[in-house]
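my_file03.txt, holding compact mmCIF, C-alpha atoms:
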```
# COMPACT_ATOMS: atom_id res chain seq x y z
CA MET A 1 0.00 0.00 0.00
CA LEU A 2 2.79 2.43 0.98
CA TYR A 3 4.83 1.35 -2.01
CA SER A 4 2.08 1.80 -4.58
CA TYR A 5 1.35 5.21 -3.08
CA ALA A 6 5.05 6.16 -3.29
CA VAL A 7 5.45 4.83 -6.85
CA SER A 8 2.40 6.73 -8.03
CA ARG A 9 4.04 9.94 -6.76
CA VAL A 10 7.73 9.51 -7.66
CA ARG A 11 7.47 7.00 -10.56
CA ASP A 12 10.85 5.62 -9.67
CA PRO A 13 10.81 2.14 -8.09
CA HIS A 14 14.16 2.60 -6.34
CA ALA A 15 13.27 5.93 -4.83
CA ALA A 16 9.86 4.55 -3.85
CA GLU A 17 11.50 1.62 -2.12
CA ASP A 18 13.81 3.94 -0.19
CA LEU A 19 10.83 6.05 0.82
CA VAL A 20 8.92 3.03 2.12
CA GLN A 21 11.96 2.02 4.10
CA GLU A 22 12.47 5.51 5.56
CA THR A 23 8.78 5.69 6.41
CA LEU A 24 8.78 2.38 8.26
CA LEU A 25 11.95 3.30 10.13
CA ALA A 26 10.48 6.65 11.12
CA ALA A 27 7.27 4.92 12.17
CA ILE A 28 9.17 2.52 14.42
CA ALA A 29 11.20 5.36 15.90
CA SER A 30 8.07 7.31 16.79
CA ALA A 31 5.70 4.45 17.49
CA GLY A 32 5.16 5.84 20.98
CA SER A 33 3.67 9.01 19.61
CA PHE A 34 1.03 7.16 17.60
CA ALA A 35 -2.04 8.39 19.37
CA GLY A 36 -4.46 5.94 17.83
CA ALA A 37 -6.67 8.85 16.90
CA SER A 38 -6.35 7.90 13.24
CA SER A 39 -5.97 4.51 11.62
CA GLU A 40 -2.45 3.13 11.25
CA ARG A 41 -2.89 3.43 7.53
CA THR A 42 -3.56 7.16 7.71
CA TRP A 43 -0.70 7.61 10.15
CA LEU A 44 1.79 5.79 7.89
CA ILE A 45 0.63 7.64 4.79
CA GLY A 46 1.10 10.87 6.74
CA ILE A 47 4.73 10.00 7.46
CA LEU A 48 5.24 8.90 3.86
CA ARG A 49 3.92 12.24 2.63
CA HIS A 50 6.57 14.09 4.64
CA LYS A 51 9.26 11.80 3.24
CA LEU A 52 7.93 12.37 -0.26
CA VAL A 53 8.14 16.12 0.06
CA ASP A 54 11.76 15.84 1.26
CA HIS A 55 12.52 13.54 -1.64
CA LEU A 56 10.97 15.85 -4.23
CA ARG A 57 12.88 18.82 -2.83
CA ARG A 58 16.14 16.88 -3.04
CA ARG A 59 15.40 15.77 -6.57
CA LEU A 60 14.52 19.28 -7.76
CA ARG A 61 17.87 20.48 -6.44
CA GLU A 62 19.75 17.67 -8.20
CA ARG A 63 17.97 17.65 -11.55
CA PRO A 64 19.36 19.85 -14.31
CA PRO A 65 16.66 22.26 -15.50
CA VAL A 66 16.56 21.23 -19.18
CA GLU A 67 17.20 17.77 -20.52
CA SER A 68 18.95 17.59 -23.85
CA ALA A 69 16.97 15.81 -26.55
CA ARG A 70 20.10 14.20 -27.91
CA ASP A 71 21.42 12.66 -24.71
CA GLY A 72 22.83 9.26 -25.40
CA MET A 73 21.73 9.33 -28.99
CA ALA A 74 24.56 11.31 -30.52
CA ASP A 75 26.56 8.17 -31.18
CA LEU A 76 23.74 6.51 -33.13
CA PHE A 77 24.59 8.88 -35.99
CA ASP A 78 27.89 9.90 -37.55
CA GLY A 79 29.09 13.45 -38.17
CA ARG A 80 27.06 13.74 -41.35
CA GLY A 81 23.89 12.62 -39.60
CA HIS A 82 23.82 9.12 -41.08
CA TRP A 83 23.20 5.92 -39.09
CA ARG A 84 26.45 4.50 -37.75
CA THR A 85 24.94 1.03 -37.86
CA ALA A 86 22.25 0.96 -40.49
CA PRO A 87 19.03 -0.53 -39.07
CA SER A 88 18.42 -3.97 -40.47
CA LYS A 89 15.32 -6.01 -41.02
CA TRP A 90 13.88 -7.32 -37.76
CA GLY A 91 12.11 -10.60 -38.16
CA GLY A 92 9.30 -11.49 -35.87
CA ASP A 93 5.61 -11.30 -35.50
CA PRO A 94 4.40 -9.07 -32.65
CA HIS A 95 1.93 -11.72 -31.44
CA ALA A 96 4.60 -14.40 -31.28
CA LEU A 97 7.13 -12.09 -29.59
CA ALA A 98 4.56 -10.90 -27.07
CA GLU A 99 4.27 -14.51 -25.89
CA ASP A 100 7.96 -15.40 -26.04
CA ALA A 101 9.12 -15.47 -22.42
CA GLU A 102 12.77 -15.07 -23.35
CA PHE A 103 12.12 -12.05 -25.53
CA LEU A 104 9.90 -10.52 -22.84
CA ALA A 105 12.71 -10.88 -20.31
CA VAL A 106 15.06 -8.98 -22.65
CA LEU A 107 12.39 -6.36 -23.31
CA ASP A 108 11.84 -5.99 -19.57
CA ARG A 109 15.54 -5.48 -18.97
CA CYS A 110 15.74 -2.93 -21.80
CA LEU A 111 12.74 -1.02 -20.45
CA SER A 112 14.20 -0.88 -16.97
CA ARG A 113 17.42 0.62 -18.35
CA LEU A 114 15.53 3.71 -19.45
CA PRO A 115 15.14 6.49 -16.89
CA ALA A 116 12.09 5.51 -14.82
CA ARG A 117 10.04 8.53 -15.81
CA THR A 118 10.83 8.04 -19.48
CA ALA A 119 9.93 4.36 -19.30
CA HIS A 120 6.64 5.16 -17.59
CA LEU A 121 5.77 7.78 -20.20
CA PHE A 122 6.74 5.43 -23.02
CA TRP A 123 4.62 2.65 -21.57
CA LEU A 124 1.57 4.91 -21.28
CA ARG A 125 1.97 6.03 -24.89
CA GLU A 126 2.80 2.76 -26.62
CA ALA A 127 0.95 0.16 -24.60
CA GLU A 128 -2.02 2.13 -23.34
CA GLY A 129 -2.28 4.54 -26.26
CA VAL A 130 -2.51 7.66 -24.08
CA GLU A 131 -2.43 10.81 -26.26
CA THR A 132 0.25 13.51 -25.95
CA ALA A 133 -2.10 16.08 -24.43
CA GLU A 134 -3.07 13.72 -21.63
CA LEU A 135 0.56 12.71 -21.07
CA CYS A 136 1.48 16.38 -20.63
CA GLU A 137 -1.24 16.75 -18.05
CA ARG A 138 -0.52 13.54 -16.19
CA LEU A 139 3.24 14.02 -16.00
CA ASP A 140 3.20 17.80 -15.87
CA VAL A 141 5.60 18.34 -18.79
CA SER A 142 5.41 20.33 -22.03
CA PRO A 143 4.55 18.63 -25.36
CA THR A 144 8.10 19.31 -26.60
CA ASN A 145 9.48 17.47 -23.60
CA VAL A 146 7.05 14.60 -24.05
CA TRP A 147 8.15 14.14 -27.67
CA ALA A 148 11.82 14.41 -26.73
CA MET A 149 11.35 11.80 -24.00
CA LEU A 150 9.41 9.46 -26.29
CA HIS A 151 12.05 9.81 -28.99
CA ARG A 152 14.76 9.06 -26.46
CA ALA A 153 12.83 6.06 -25.18
CA ARG A 154 12.32 4.70 -28.69
CA CYS A 155 15.98 5.18 -29.62
CA GLY A 156 17.20 3.66 -26.37
CA LEU A 157 14.85 0.72 -26.35
CA ARG A 158 15.45 -0.07 -30.00
CA GLU A 159 19.21 0.08 -29.55
CA CYS A 160 19.00 -2.20 -26.51
CA LEU A 161 16.81 -4.72 -28.37
CA ARG A 162 19.15 -4.57 -31.35
CA LEU A 163 22.11 -5.40 -29.15
CA HIS A 164 20.44 -8.07 -27.03
CA TRP A 165 17.87 -9.70 -29.25
CA PHE A 166 17.86 -8.82 -32.92
CA GLY A 167 21.63 -8.35 -32.88
CA ALA A 168 22.87 -10.90 -35.37
CA GLY A 169 20.69 -9.60 -38.15
CA ASP A 170 22.12 -6.12 -37.85
CA ARG A 171 25.66 -7.02 -38.73
CA ARG A 172 25.84 -6.53 -42.42
CA MET B 1 5.05 26.73 -49.78
CA ASN B 2 8.00 27.84 -51.88
CA PRO B 3 8.95 24.75 -53.94
CA LEU B 4 12.66 25.56 -53.78
CA HIS B 5 12.46 25.78 -50.01
CA ALA B 6 10.58 22.49 -49.89
CA ILE B 7 13.19 20.74 -52.03
CA ARG B 8 15.97 22.15 -49.87
CA THR B 9 14.26 20.91 -46.69
CA VAL B 10 13.87 17.47 -48.19
CA LEU B 11 17.44 17.25 -49.44
CA LEU B 12 18.94 18.57 -46.22
CA LEU B 13 17.04 16.17 -43.99
CA THR B 14 19.50 13.69 -42.49
CA CYS B 15 18.69 10.44 -40.71
CA ARG B 16 19.49 12.24 -37.46
CA ASP B 17 16.72 14.78 -38.28
CA ALA B 18 14.36 12.17 -39.65
CA ALA B 19 14.45 9.97 -36.53
CA PRO B 20 12.79 12.44 -34.10
CA LEU B 21 10.33 13.47 -36.82
CA LEU B 22 9.43 9.85 -37.36
CA SER B 23 8.98 9.39 -33.65
CA ARG B 24 6.83 12.51 -33.25
CA GLY B 25 4.77 11.41 -36.26
CA MET B 26 3.72 8.39 -34.18
CA ASP B 27 2.31 10.71 -31.51
CA GLN B 28 0.68 13.57 -33.42
CA ALA B 29 -0.05 14.72 -36.97
CA LEU B 30 2.98 16.43 -38.51
CA VAL B 31 2.56 19.69 -40.41
CA VAL B 32 2.53 19.42 -44.22
CA ARG B 33 6.15 20.48 -44.66
CA GLU B 34 7.42 17.98 -42.10
CA ARG B 35 5.31 15.23 -43.54
CA ALA B 36 6.57 15.92 -47.06
CA ALA B 37 10.19 16.06 -45.95
CA LEU B 38 9.87 12.84 -43.97
CA ARG B 39 8.07 11.02 -46.76
CA ALA B 40 10.73 12.04 -49.28
CA HIS B 41 13.51 11.02 -46.91
CA LEU B 42 11.90 7.63 -46.30
CA TRP B 43 11.55 7.16 -50.03
CA ILE B 44 15.30 7.46 -50.55
CA CYS B 45 16.49 5.95 -47.24
CA PRO B 46 16.04 2.21 -46.61
CA SER B 47 17.67 2.53 -43.15
CA CYS B 48 15.03 4.93 -41.87
CA ARG B 49 12.28 2.80 -43.44
CA ARG B 50 13.55 -0.13 -41.39
CA TYR B 51 13.84 2.07 -38.31
CA ARG B 52 10.20 3.05 -38.73
CA LYS B 53 9.17 -0.61 -39.04
CA GLN B 54 11.15 -1.45 -35.91
CA LEU B 55 9.44 1.30 -33.90
CA HIS B 56 6.05 0.04 -35.06
CA LEU B 57 7.00 -3.51 -34.17
CA ILE B 58 7.94 -2.38 -30.65
CA ARG B 59 4.63 -0.53 -30.35
CA GLY B 60 2.78 -3.59 -31.60
CA ILE B 61 4.43 -5.84 -29.06
CA LEU B 62 3.94 -3.47 -26.14
CA SER B 63 0.26 -2.97 -26.95
CA LEU B 64 -0.21 -6.75 -26.76
CA CYS B 65 1.50 -7.22 -23.39
CA PRO B 66 -0.38 -6.85 -20.14
CA ALA B 67 1.25 -4.25 -17.86
CA LYS B 68 2.14 -6.87 -15.28
CA THR B 69 4.65 -8.36 -17.74
CA PHE B 70 7.16 -5.63 -16.98
CA SER B 71 8.86 -4.59 -13.79
CA VAL B 72 8.76 -0.88 -14.70
CA CYS B 73 4.98 -1.10 -14.59
CA SER B 74 4.78 -3.16 -11.46
CA ARG B 75 2.89 -1.42 -8.70
CA SER B 76 3.83 -3.76 -5.91
CA LEU B 77 7.18 -3.92 -4.19
CA PRO B 78 9.33 -6.58 -5.90
CA ARG B 79 10.26 -9.59 -3.77
CA GLU B 80 14.00 -8.77 -3.50
CA ALA B 81 13.14 -5.21 -2.55
CA ARG B 82 10.75 -6.49 0.11
CA GLU B 83 13.63 -8.55 1.48
CA ARG B 84 15.96 -5.50 1.53
CA VAL B 85 13.41 -3.49 3.47
CA ARG B 86 12.90 -6.37 5.90
CA LEU B 87 16.67 -6.66 6.50
CA ALA B 88 17.03 -2.92 7.03
CA LEU B 89 14.23 -3.03 9.57
CA ALA B 90 15.80 -6.02 11.32
CA ARG B 91 19.16 -4.20 11.47
CA HIS B 92 17.47 -1.17 12.88
CA GLY B 93 15.60 -3.23 15.44
CA GLY B 94 18.83 -4.97 16.46
CA ALA B 95 20.72 -1.71 16.93
CA GLY B 96 18.02 0.14 18.80
```
Kindly transcribe the structure held in the file into structure tokens.
Amino acid sequence: MLYSYAVSRVRDPHAAEDLVQETLLAAIASAGSFAGASSERTWLIGILRHKLVDHLRRRLRERPPVESARDGMADLFDGRGHWRTAPSKWGGDPHALAEDAEFLAVLDRCLSRLPARTAHLFWLREAEGVETAELCERLDVSPTNVWAMLHRARCGLRECLRLHWFGAGDRR
Amino acid sequence: MNPLHAIRTVLLLTCRDAAPLLSRGMDQALVVRERAALRAHLWICPSCRRYRKQLHLIRGILSLCPAKTFSVCSRSLPREARERVRLALARHGGAG
């Protein structure tokens, strides 16, 4: 319950896990002050909320204000803007791949290598078909940022799948 | 649109420019000039045509998978993480 609440706010499983841990530790430390006036659930969520605010403040301080749209993608293209490794034909039927446990494990690993927020956004767009306008609203980012993040996600995920699944076919 | 300008846009479009355009085209309607430039680039560039197919394949696969397939979408604390929290709590309990 605490974890799903934390994940829905920070969208980063690691940070959410840390927050749950900090919350439980704080709860144990101050168990004596639990008056019983509210339910334990409300009390714990209350502590978690404080931890969340601290976390968000820390993150705002750490995060650079503008993310570059070309982060990590510069080396996909050479100086003249051509593909360094030309994309090759990927065999495979989406229905078959969607049921291939081994492929899904690779896909899962590739998704989790993306920044958590980017992966979440990408998932909402590609799997759930959420439109840009709604993504902007839900994640509180501008359309330009949404497109930059989606582009980055697509490049990153495709490159990861190329290396770890479709690899052989790409060597020409 | 000035035809000379249009031709210039099309000829100057590199794969590096086409990739984000291609991506954005999957999320919203491009304006006429962008669409024309992208279409012309795809016509002459087999690499970007394959890239587009790959992106659509990824979309196709993801739209077929239930969210619970992937850990990034998981809303419950993973088992190993649960264990880490439990250990941290035990350590804390032992110390205090």
Next on the checklist: I'd like the contact shell of Leu24 in chain A - 9 Å cut-off, all atoms listed in the file, skipping same-chain residues fewer than 5 positions apart - returned as a PyMOL selection string.
Outcome noted: (chain A and resi 19+29+44+47-48) or (chain B and resi 85+89)
Grab the residues selected above and save them as a short mmCIF file (atom, residue, chain, number, x, y, z; two decimals), in the coordinates of the input with C-alpha atoms.
```
data_model
loop_
_atom_site.label_atom_id
_atom_site.label_comp_id
_atom_site.auth_asym_id
_atom_site.auth_seq_id
_atom_site.Cartn_x
_atom_site.Cartn_y
_atom_site.Cartn_z
CA LEU A 19 10.83 6.05 0.82
CA ALA A 29 11.20 5.36 15.90
CA LEU A 44 1.79 5.79 7.89
CA ILE A 47 4.73 10.00 7.46
CA LEU A 48 5.24 8.90 3.86
CA VAL B 85 13.41 -3.49 3.47
CA LEU B 89 14.23 -3.03 9.57
#
```
Would you tabulate, counting all atoms listed in the file, all residues of range 78-141 of chain A that have an atom at most 9 Å from an atom of range 23-28 of chain B, showing the closest pair of atoms and their distance in Å to one decimal, sorted by chain then ascending number, as JSON lines?
```
{"residue": "A:Arg125", "atom": "CA", "partner": "B:Asp27", "partner_atom": "CA", "distance": 8.1}
{"residue": "A:Glu131", "atom": "CA", "partner": "B:Asp27", "partner_atom": "CA", "distance": 7.1}
{"residue": "A:Thr132", "atom": "CA", "partner": "B:Asp27", "partner_atom": "CA", "distance": 6.6}
```
Set up a box along x, y and z of the file covering all listed atoms of range 18-32 of chain B, add 3 Å on every one of the six sides, and write the centre and edge lengths in Å to one decimal, as JSON.
```
{"center_x": 7.2, "center_y": 14.0, "center_z": -37.9, "size_x": 20.5, "size_y": 17.3, "size_z": 18.7}
```
Can you list every residue of chain B that has an atom at most 7 Å from chain A, with its nearest atom pair and the distance in Å to one decimal, using all atoms listed in the file, ordered by chain then number, as JSON lines?
```
{"residue": "B:Thr14", "atom": "CA", "partner": "A:Gly81", "partner_atom": "CA", "distance": 5.4}
{"residue": "B:Cys15", "atom": "CA", "partner": "A:His82", "partner_atom": "CA", "distance": 5.3}
{"residue": "B:Arg16", "atom": "CA", "partner": "A:Gly81", "partner_atom": "CA", "distance": 4.9}
{"residue": "B:Pro20", "atom": "CA", "partner": "A:His151", "partner_atom": "CA", "distance": 5.8}
{"residue": "B:Ser23", "atom": "CA", "partner": "A:His151", "partner_atom": "CA", "distance": 5.6}
{"residue": "B:Arg24", "atom": "CA", "partner": "A:Trp147", "partner_atom": "CA", "distance": 6.0}
{"residue": "B:Asp27", "atom": "CA", "partner": "A:Thr132", "partner_atom": "CA", "distance": 6.6}
{"residue": "B:Ser47", "atom": "CA", "partner": "A:Pro87", "partner_atom": "CA", "distance": 5.3}
{"residue": "B:Arg50", "atom": "CA", "partner": "A:Pro87", "partner_atom": "CA", "distance": 6.0}
{"residue": "B:Tyr51", "atom": "CA", "partner": "A:Pro87", "partner_atom": "CA", "distance": 5.9}
{"residue": "B:Gln54", "atom": "CA", "partner": "A:Trp90", "partner_atom": "CA", "distance": 6.7}
{"residue": "B:Leu55", "atom": "CA", "partner": "A:Arg154", "partner_atom": "CA", "distance": 6.9}
{"residue": "B:Leu57", "atom": "CA", "partner": "A:Pro94", "partner_atom": "CA", "distance": 6.3}
{"residue": "B:Arg59", "atom": "CA", "partner": "A:Glu126", "partner_atom": "CA", "distance": 5.3}
{"residue": "B:Gly60", "atom": "CA", "partner": "A:Pro94", "partner_atom": "CA", "distance": 5.8}
{"residue": "B:Ile61", "atom": "CA", "partner": "A:Pro94", "partner_atom": "CA", "distance": 4.8}
{"residue": "B:Leu62", "atom": "CA", "partner": "A:Ala127", "partner_atom": "CA", "distance": 4.9}
{"residue": "B:Ser63", "atom": "CA", "partner": "A:Ala127", "partner_atom": "CA", "distance": 4.0}
{"residue": "B:Leu64", "atom": "CA", "partner": "A:Ala98", "partner_atom": "CA", "distance": 6.3}
{"residue": "B:Cys65", "atom": "CA", "partner": "A:Ala98", "partner_atom": "CA", "distance": 6.0}
{"residue": "B:Phe70", "atom": "CA", "partner": "A:Asp108", "partner_atom": "CA", "distance": 5.4}
{"residue": "B:Ser71", "atom": "CA", "partner": "A:Asp108", "partner_atom": "CA", "distance": 6.7}
{"residue": "B:Val72", "atom": "CA", "partner": "A:Ser112", "partner_atom": "CA", "distance": 5.9}
{"residue": "B:Arg75", "atom": "CA", "partner": "A:Ser4", "partner_atom": "CA", "distance": 5.3}
{"residue": "B:Ser76", "atom": "CA", "partner": "A:Ser4", "partner_atom": "CA", "distance": 6.0}
{"residue": "B:Leu77", "atom": "CA", "partner": "A:Tyr3", "partner_atom": "CA", "distance": 6.2}
{"residue": "B:Val85", "atom": "CA", "partner": "A:Gln21", "partner_atom": "CA", "distance": 5.7}
{"residue": "B:Leu89", "atom": "CA", "partner": "A:Leu25", "partner_atom": "CA", "distance": 6.8}
```
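Coordinates place CA of Lys51 in chain A at a distance of 14.3 Å from CA of Ser30 in chain A.
Taking CA of Leu38 in chain B and CA of Leu22 in chain B as the two end points, the separation is 7.3 Å.
When CA of Phe103 in chain A is paired with CA of Trp165 in chain A, their separation reads 7.2 Å.
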